[in-house]
Each structure stands twice: as C-alpha cells, then as structure tokens.
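This report refers to the structure that appears directly beneath it.
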Amino acid sequence: MAARKDVDGSASVPALYGAELRHRREAAGLTLQRTVEGSFYGASLLSEIERGSRRMPADLARHVDRLLATDGFFERRCEDVRRARKGAHAEYFAPVAELESQARTIEKWSPTLIPGLLQTEAYARAVVHATHPLDQPDEVETRIAARARRAHLLEQPRTPEYWVVLHESLLREPLLPHEDMARQWELVSGLATRRRIVVQVLPWDGPTRPFLKMDMMFLQFADAPPLLYTEGAYHGQVIDDPALVGQYRKAYDRLRAAALSPEVSLSMIDAAAEDHRHGKKPA
C-alpha cells in the first residue's frame, strides 16, 4: 500500500477531489482496504486517487458513493476531474494518457502510425499538422510537448513492459523526409536493442483485414482489471467489459503470432533506417 501523504486540495481539481474523498472516508472510520472491498479495484489505486495522482473510475466512484452515502457526489465530480486532466490531449484519449503511466504492461497494434510513445519530435509534428491543420503554432507546440512527456515513460528501466506490432507499410511509406525518417527508425531500433521495448513487424500479407485501420492497445495493471483502447480517425474508445476485452485479446494474439520475430523485425527496421540515411526509400 502506498505511504500516506498529506493532500493539498488547493493544488488542482484532482487534488481537491482526492482530499475530499479521504476526508469522507476517514470520517466514516473506513480504511482504504475496507473502502474498496466489493469493487474490482485495489487499495493502492484508491490511495493514489486520494493523493490526486490517479483518476477515479466511474464504477469505483459509484461504489464509494454507495458505501459513504454521499448521494452521487463522487460520481458527479468525476467529470470535473476528467476535464481538468484533459490538457493537450484529445478528449477521447486523455484518460488513456493517464492510464499509460499506471500500466504494468502495454501491448499495441499500430497499422497506420508509429505509436506516440515512440515518436520523434519531427514525426509528432508531422502527425499534428496532418490531423489538426488549423492549429495555431502555440497549440501545435502544446500537443508536441504533451507527447514528449508521455514518451518519458520509456525512460523508466523496467515498467511498463511495452510490446508493439507494426504494419510493414510503416517501413515502406515514409511520413517524413529521409533524414528525419532515419532518426525516427533509429529511435525505435535503439529502444528495441536496449531491450526496453519489443517490436514486431506484421508483413503486407499478414491477417490484418479486421483491424487494418484500427489501432488497439491493451493495458494491464497491478491493482485493476485490464483495459482495451481502440482508436480510429478522431475517435477512440476504452473497453473494460471482460468478455469483449478477451475477444480482442485473442485477435491480437493471432496478429502477434503471424508477425515476424522480434529479431527479424529489428533487422528490417535497421535496414529501413540505413536506406533513409542514404536517401533511399526502403525496398
């Protein structure tokens, strides 16, 4: 269980929410463990919510409201916390950006773009310009800075464990000029070579038909059930239904089994970087 830490409710909306939650819980004479009993969540998650470092899941908020007889207060205020945490991310992705930092394992299928955690600044800038062409310069910089903060997650030596399957088209259809694409693939290769991430390439003729244009990301946690996040153009969805998560999990496992081995995939990425260094489009 996380060590107790005083909460300054004036620091932010999430901190104020957490301070009120702790006040109500302690006034009821309940421990963290007693409060989460009957939910799908652990005491350590509740402790982090009280300290303002985690977002309250809606179903846990409903559970707490019933237990503390708070007449729906914590469920209603979840929306305030969500808006406060949104920041530079798209509304549909903001909860996932937070969950990434809490995940023990992240597994990704990326058929159309190099994932945000693996993007160089140049690649991120190209994506922002393509998807938000009317953004003003300060808005662009804010979005890029938010992606850079997310990428710091992989500077941690062990967690989260990160596994990604990339479609081969990402190697063959560069988004950037050769020099910038060389740096981009060097970044991915460097993370894989250091064994910080595992990367696989799914060949052109791989079984991608059901998921050709849809990203998938599975997140597993130490103290909460796994989640699935799917994303398309300008929309995303978090799925927590165990049966549905299980169905997508099987599909992802089949994709991963059909992909090239990490060793062969890394050699392809290194070859793509080398081609770009010499001003050639990968064969």
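Following the order of the structure tokens, chains are lettered A, B, ..., residues in each are numbered from 1, and ligands are numbered from 1.
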
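Omitting A:His235 and its sequence neighbours fewer than 2 positions away, and counting only C-alpha atoms, the residues within 12 Å are Ala90, Glu91, Tyr92, Phe93, Ala94, Thr131, Met214, Asp215, Tyr229, Thr230, Glu231, Gly232, Ala233, Gln237 and Val238 of chain A.
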
Got a sec to tell me which of stretch 147-201 of chain A DSSP assigns to helix (DSSP H, G or I), as a JSON list (two decimals) with N, CA and C atoms, in the first residue's frame?
```json
[["chain", "number", "residue", "atom", "x", "y", "z"],
["A", 147, "ARG", "N", 3.07, 14.96, -26.02],
["A", 147, "ARG", "CA", 3.57, 13.66, -26.50],
["A", 147, "ARG", "C", 4.96, 13.37, -25.94],
["A", 148, "ALA", "N", 5.77, 14.40, -25.85],
["A", 148, "ALA", "CA", 7.12, 14.21, -25.31],
["A", 148, "ALA", "C", 7.06, 13.78, -23.85],
["A", 149, "ARG", "N", 6.14, 14.36, -23.09],
["A", 149, "ARG", "CA", 6.00, 13.97, -21.68],
["A", 149, "ARG", "C", 5.58, 12.51, -21.57],
["A", 150, "ARG", "N", 4.70, 12.08, -22.46],
["A", 150, "ARG", "CA", 4.29, 10.67, -22.45],
["A", 150, "ARG", "C", 5.49, 9.77, -22.72],
["A", 151, "ALA", "N", 6.33, 10.17, -23.65],
["A", 151, "ALA", "CA", 7.46, 9.33, -24.05],
["A", 151, "ALA", "C", 8.46, 9.13, -22.91],
["A", 152, "HIS", "N", 8.48, 10.03, -21.94],
["A", 152, "HIS", "CA", 9.38, 9.87, -20.79],
["A", 152, "HIS", "C", 9.09, 8.57, -20.03],
["A", 153, "LEU", "N", 7.91, 8.03, -20.24],
["A", 153, "LEU", "CA", 7.54, 6.78, -19.59],
["A", 153, "LEU", "C", 8.54, 5.67, -19.90],
["A", 154, "LEU", "N", 9.09, 5.68, -21.11],
["A", 154, "LEU", "CA", 10.02, 4.62, -21.51],
["A", 154, "LEU", "C", 11.44, 4.88, -21.02],
["A", 155, "GLU", "N", 11.65, 5.99, -20.33],
["A", 155, "GLU", "CA", 12.94, 6.22, -19.68],
["A", 155, "GLU", "C", 13.06, 5.44, -18.38],
["A", 169, "SER", "N", 3.77, -1.57, -43.79],
["A", 169, "SER", "CA", 3.59, -0.35, -44.58],
["A", 169, "SER", "C", 4.26, 0.86, -43.93],
["A", 170, "LEU", "N", 4.40, 0.84, -42.61],
["A", 170, "LEU", "CA", 5.05, 1.96, -41.93],
["A", 170, "LEU", "C", 6.52, 2.07, -42.32],
["A", 171, "LEU", "N", 7.13, 0.94, -42.67],
["A", 171, "LEU", "CA", 8.52, 0.95, -43.12],
["A", 171, "LEU", "C", 8.64, 1.40, -44.57],
["A", 172, "ARG", "N", 7.63, 1.11, -45.37],
["A", 172, "ARG", "CA", 7.72, 1.34, -46.81],
["A", 172, "ARG", "C", 7.14, 2.68, -47.26],
["A", 178, "HIS", "N", 13.82, 11.76, -45.79],
["A", 178, "HIS", "CA", 14.70, 10.64, -45.46],
["A", 178, "HIS", "C", 15.47, 10.83, -44.17],
["A", 179, "GLU", "N", 16.09, 11.99, -43.98],
["A", 179, "GLU", "CA", 16.92, 12.20, -42.80],
["A", 179, "GLU", "C", 16.11, 12.07, -41.52],
["A", 180, "ASP", "N", 14.90, 12.65, -41.53],
["A", 180, "ASP", "CA", 14.05, 12.58, -40.34],
["A", 180, "ASP", "C", 13.54, 11.16, -40.11],
["A", 181, "MET", "N", 13.22, 10.44, -41.19],
["A", 181, "MET", "CA", 12.76, 9.06, -41.02],
["A", 181, "MET", "C", 13.89, 8.17, -40.51],
["A", 182, "ALA", "N", 15.11, 8.44, -40.93],
["A", 182, "ALA", "CA", 16.25, 7.68, -40.40],
["A", 182, "ALA", "C", 16.33, 7.84, -38.89],
["A", 183, "ARG", "N", 16.18, 9.07, -38.41],
["A", 183, "ARG", "CA", 16.23, 9.31, -36.95],
["A", 183, "ARG", "C", 15.07, 8.62, -36.25],
["A", 184, "GLN", "N", 13.91, 8.65, -36.90],
["A", 184, "GLN", "CA", 12.74, 8.00, -36.28],
["A", 184, "GLN", "C", 12.97, 6.50, -36.10],
["A", 185, "TRP", "N", 13.45, 5.84, -37.15],
["A", 185, "TRP", "CA", 13.66, 4.40, -37.03],
["A", 185, "TRP", "C", 14.86, 4.08, -36.14],
["A", 186, "GLU", "N", 15.82, 4.97, -36.07],
["A", 186, "GLU", "CA", 16.94, 4.78, -35.14],
["A", 186, "GLU", "C", 16.45, 4.83, -33.69],
["A", 187, "LEU", "N", 15.47, 5.70, -33.43],
["A", 187, "LEU", "CA", 14.91, 5.75, -32.07],
["A", 187, "LEU", "C", 14.24, 4.43, -31.72],
["A", 188, "VAL", "N", 13.40, 3.91, -32.62],
["A", 188, "VAL", "CA", 12.71, 2.64, -32.36],
["A", 188, "VAL", "C", 13.72, 1.52, -32.21],
["A", 189, "SER", "N", 14.72, 1.48, -33.10],
["A", 189, "SER", "CA", 15.73, 0.44, -33.04],
["A", 189, "SER", "C", 16.52, 0.51, -31.74],
["A", 190, "GLY", "N", 16.86, 1.72, -31.32],
["A", 190, "GLY", "CA", 17.62, 1.87, -30.08],
["A", 190, "GLY", "C", 16.87, 1.34, -28.87],
["A", 191, "LEU", "N", 15.57, 1.63, -28.79],
["A", 191, "LEU", "CA", 14.77, 1.13, -27.67],
["A", 191, "LEU", "C", 14.69, -0.40, -27.70],
["A", 192, "ALA", "N", 14.55, -0.95, -28.91],
["A", 192, "ALA", "CA", 14.48, -2.41, -29.02],
["A", 192, "ALA", "C", 15.83, -3.07, -28.72],
["A", 193, "THR", "N", 16.91, -2.47, -29.20],
["A", 193, "THR", "CA", 18.24, -3.02, -28.96],
["A", 193, "THR", "C", 18.58, -3.03, -27.47]]
```

Discussion item. Write out as a PyMOL selection string the set of residues from stretch 63-238 of chain A that DSSP, computed on the backbone, places in strand (DSSP E or B).
Written reply: chain A and resi 105-110+161-167+197-202+215-220+227-232+235-238

For the selection you just gave me, I'd like the residues written to a file as a short mmCIF file (atom, residue, chain, number, x, y, z; two decimals), in the first residue's frame, keeping N, CA, C and O atoms.
```cif
data_model
loop_
_atom_site.label_atom_id
_atom_site.label_comp_id
_atom_site.auth_asym_id
_atom_site.auth_seq_id
_atom_site.Cartn_x
_atom_site.Cartn_y
_atom_site.Cartn_z
N THR A 105 1.84 -3.32 -18.03
CA THR A 105 2.14 -3.82 -19.37
C THR A 105 1.31 -3.05 -20.39
O THR A 105 0.12 -2.82 -20.18
N ILE A 106 1.94 -2.65 -21.50
CA ILE A 106 1.25 -2.02 -22.62
C ILE A 106 1.57 -2.84 -23.87
O ILE A 106 2.73 -3.08 -24.19
N GLU A 107 0.52 -3.28 -24.55
CA GLU A 107 0.68 -4.05 -25.79
C GLU A 107 -0.10 -3.35 -26.89
O GLU A 107 -1.28 -3.06 -26.73
N LYS A 108 0.54 -3.11 -28.01
CA LYS A 108 -0.01 -2.22 -29.03
C LYS A 108 0.00 -2.87 -30.40
O LYS A 108 0.95 -3.56 -30.77
N TRP A 109 -1.06 -2.63 -31.16
CA TRP A 109 -1.10 -2.94 -32.60
C TRP A 109 -1.25 -1.61 -33.31
O TRP A 109 -2.20 -0.87 -33.05
N SER A 110 -0.31 -1.28 -34.18
CA SER A 110 -0.30 0.02 -34.83
C SER A 110 -0.15 -0.15 -36.33
O SER A 110 0.96 -0.32 -36.83
N GLU A 161 6.20 -2.73 -19.21
CA GLU A 161 6.66 -3.59 -20.29
C GLU A 161 5.89 -3.18 -21.54
O GLU A 161 4.67 -3.03 -21.51
N TYR A 162 6.61 -2.98 -22.65
CA TYR A 162 5.98 -2.42 -23.85
C TYR A 162 6.26 -3.32 -25.05
O TYR A 162 7.41 -3.58 -25.38
N TRP A 163 5.17 -3.77 -25.68
CA TRP A 163 5.27 -4.65 -26.84
C TRP A 163 4.42 -4.06 -27.95
O TRP A 163 3.24 -3.75 -27.73
N VAL A 164 4.98 -3.88 -29.13
CA VAL A 164 4.24 -3.27 -30.23
C VAL A 164 4.41 -4.08 -31.51
O VAL A 164 5.50 -4.58 -31.80
N VAL A 165 3.29 -4.23 -32.23
CA VAL A 165 3.30 -4.83 -33.56
C VAL A 165 3.01 -3.72 -34.57
O VAL A 165 1.97 -3.05 -34.48
N LEU A 166 3.91 -3.53 -35.52
CA LEU A 166 3.78 -2.50 -36.55
C LEU A 166 3.48 -3.15 -37.89
O LEU A 166 4.04 -4.19 -38.23
N HIS A 167 2.63 -2.51 -38.67
CA HIS A 167 2.40 -2.99 -40.03
C HIS A 167 3.59 -2.64 -40.90
O HIS A 167 4.20 -1.57 -40.76
N ILE A 197 11.87 -2.11 -25.25
CA ILE A 197 10.62 -2.47 -25.88
C ILE A 197 10.84 -3.73 -26.72
O ILE A 197 11.97 -4.09 -27.03
N VAL A 198 9.74 -4.38 -27.06
CA VAL A 198 9.76 -5.48 -28.02
C VAL A 198 8.93 -5.02 -29.22
O VAL A 198 7.79 -4.56 -29.05
N VAL A 199 9.49 -5.11 -30.41
CA VAL A 199 8.80 -4.67 -31.60
C VAL A 199 8.76 -5.79 -32.62
O VAL A 199 9.74 -6.51 -32.81
N GLN A 200 7.61 -5.97 -33.24
CA GLN A 200 7.44 -6.94 -34.32
C GLN A 200 6.84 -6.23 -35.53
O GLN A 200 6.11 -5.24 -35.39
N VAL A 201 7.14 -6.74 -36.70
CA VAL A 201 6.59 -6.21 -37.95
C VAL A 201 5.66 -7.26 -38.53
O VAL A 201 6.06 -8.43 -38.70
N LEU A 202 4.43 -6.87 -38.83
CA LEU A 202 3.50 -7.76 -39.50
C LEU A 202 3.61 -7.54 -41.00
O LEU A 202 3.44 -6.43 -41.47
N ASP A 215 -6.24 1.01 -34.54
CA ASP A 215 -5.22 0.75 -33.53
C ASP A 215 -5.86 0.02 -32.34
O ASP A 215 -7.02 0.27 -31.99
N MET A 216 -5.08 -0.84 -31.71
CA MET A 216 -5.50 -1.48 -30.46
C MET A 216 -4.39 -1.34 -29.44
O MET A 216 -3.21 -1.45 -29.78
N MET A 217 -4.78 -1.11 -28.19
CA MET A 217 -3.80 -1.08 -27.12
C MET A 217 -4.40 -1.74 -25.89
O MET A 217 -5.49 -1.38 -25.44
N PHE A 218 -3.69 -2.72 -25.35
CA PHE A 218 -4.08 -3.40 -24.13
C PHE A 218 -3.23 -2.87 -22.98
O PHE A 218 -2.01 -2.75 -23.10
N LEU A 219 -3.89 -2.57 -21.88
CA LEU A 219 -3.19 -2.10 -20.69
C LEU A 219 -3.52 -3.02 -19.53
O LEU A 219 -4.70 -3.28 -19.26
N GLN A 220 -2.49 -3.50 -18.87
CA GLN A 220 -2.66 -4.34 -17.69
C GLN A 220 -2.07 -3.62 -16.48
O GLN A 220 -1.04 -2.95 -16.58
N LEU A 227 -7.64 -3.29 -19.54
CA LEU A 227 -8.47 -2.48 -20.41
C LEU A 227 -7.98 -2.61 -21.85
O LEU A 227 -6.82 -2.91 -22.10
N LEU A 228 -8.89 -2.34 -22.77
CA LEU A 228 -8.55 -2.24 -24.18
C LEU A 228 -8.92 -0.85 -24.66
O LEU A 228 -9.99 -0.33 -24.33
N TYR A 229 -8.03 -0.25 -25.44
CA TYR A 229 -8.33 1.04 -26.07
C TYR A 229 -8.22 0.85 -27.58
O TYR A 229 -7.21 0.34 -28.08
N THR A 230 -9.26 1.24 -28.30
CA THR A 230 -9.23 1.21 -29.76
C THR A 230 -9.37 2.63 -30.27
O THR A 230 -10.02 3.47 -29.65
N GLU A 231 -8.73 2.90 -31.42
CA GLU A 231 -8.73 4.26 -31.93
C GLU A 231 -8.81 4.27 -33.45
O GLU A 231 -8.17 3.46 -34.12
N GLY A 232 -9.58 5.20 -33.97
CA GLY A 232 -9.63 5.49 -35.39
C GLY A 232 -9.41 6.97 -35.59
O GLY A 232 -8.95 7.67 -34.69
N HIS A 235 -11.46 9.59 -33.14
CA HIS A 235 -12.30 8.96 -32.12
C HIS A 235 -11.54 7.81 -31.47
O HIS A 235 -10.61 7.24 -32.06
N GLY A 236 -11.92 7.50 -30.27
CA GLY A 236 -11.31 6.40 -29.54
C GLY A 236 -12.29 5.86 -28.52
O GLY A 236 -13.26 6.54 -28.14
N GLN A 237 -12.06 4.65 -28.04
CA GLN A 237 -12.97 4.03 -27.10
C GLN A 237 -12.19 3.16 -26.12
O GLN A 237 -11.34 2.37 -26.53
N VAL A 238 -12.50 3.31 -24.84
CA VAL A 238 -11.96 2.44 -23.80
C VAL A 238 -12.97 1.34 -23.55
O VAL A 238 -14.15 1.61 -23.31
#
```

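Pairwise distance (atom CA of A:Ala271, atom CA of A:Pro177) equals 16.2 Å.
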
Worksheet entry | Polymer residues at most 6 Å from stretch 14-31 of chain A, only C-alpha atoms, same-chain spacing of 6 or more positions, as a list in words | Val7, Ile49, Glu50, Arg51, Gly52 and Val81 of chain A

Okay, now the selection with N, CA and C atoms, as a PDB file, in the first residue's frame?
```pdb
ATOM      1  N   VAL A   7      -2.551  15.717   1.486  1.00  0.00           N
ATOM      2  CA  VAL A   7      -3.086  16.197   0.217  1.00  0.00           C
ATOM      3  C   VAL A   7      -3.365  17.686   0.321  1.00  0.00           C
ATOM      4  N   ILE A  49      -5.673   7.918  -5.890  1.00  0.00           N
ATOM      5  CA  ILE A  49      -6.778   8.842  -6.199  1.00  0.00           C
ATOM      6  C   ILE A  49      -6.868   9.907  -5.110  1.00  0.00           C
ATOM      7  N   GLU A  50      -6.751   9.499  -3.870  1.00  0.00           N
ATOM      8  CA  GLU A  50      -6.817  10.461  -2.767  1.00  0.00           C
ATOM      9  C   GLU A  50      -5.669  11.457  -2.814  1.00  0.00           C
ATOM     10  N   ARG A  51      -4.535  11.046  -3.346  1.00  0.00           N
ATOM     11  CA  ARG A  51      -3.392  11.961  -3.455  1.00  0.00           C
ATOM     12  C   ARG A  51      -3.432  12.790  -4.735  1.00  0.00           C
ATOM     13  N   GLY A  52      -4.484  12.579  -5.549  1.00  0.00           N
ATOM     14  CA  GLY A  52      -4.647  13.381  -6.751  1.00  0.00           C
ATOM     15  C   GLY A  52      -3.823  12.922  -7.933  1.00  0.00           C
ATOM     16  N   VAL A  81     -12.959  16.297 -12.750  1.00  0.00           N
ATOM     17  CA  VAL A  81     -11.579  15.816 -12.749  1.00  0.00           C
ATOM     18  C   VAL A  81     -11.140  15.451 -14.161  1.00  0.00           C
TER      19      VAL A  81
END
```

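Residue nearest A:Phe73 within the list A:Ala61, A:Arg104, A:Phe40, A:Pro137: A:Ala61 [criterion: smallest interatomic distance, only C-alpha atoms].
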
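Each of A:Glu79, A:Asp71, A:Glu121, A:Asp275 was compared to A:Arg143 using only C-alpha atoms, and A:Glu121 turns out to be the nearest.
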
Worksheet item: Pick the closest to A:Arg55 from A:Val96, A:Ala243, A:Ala272, A:Ala251: which is it, counting only C-alpha atoms?
Response: A:Val96
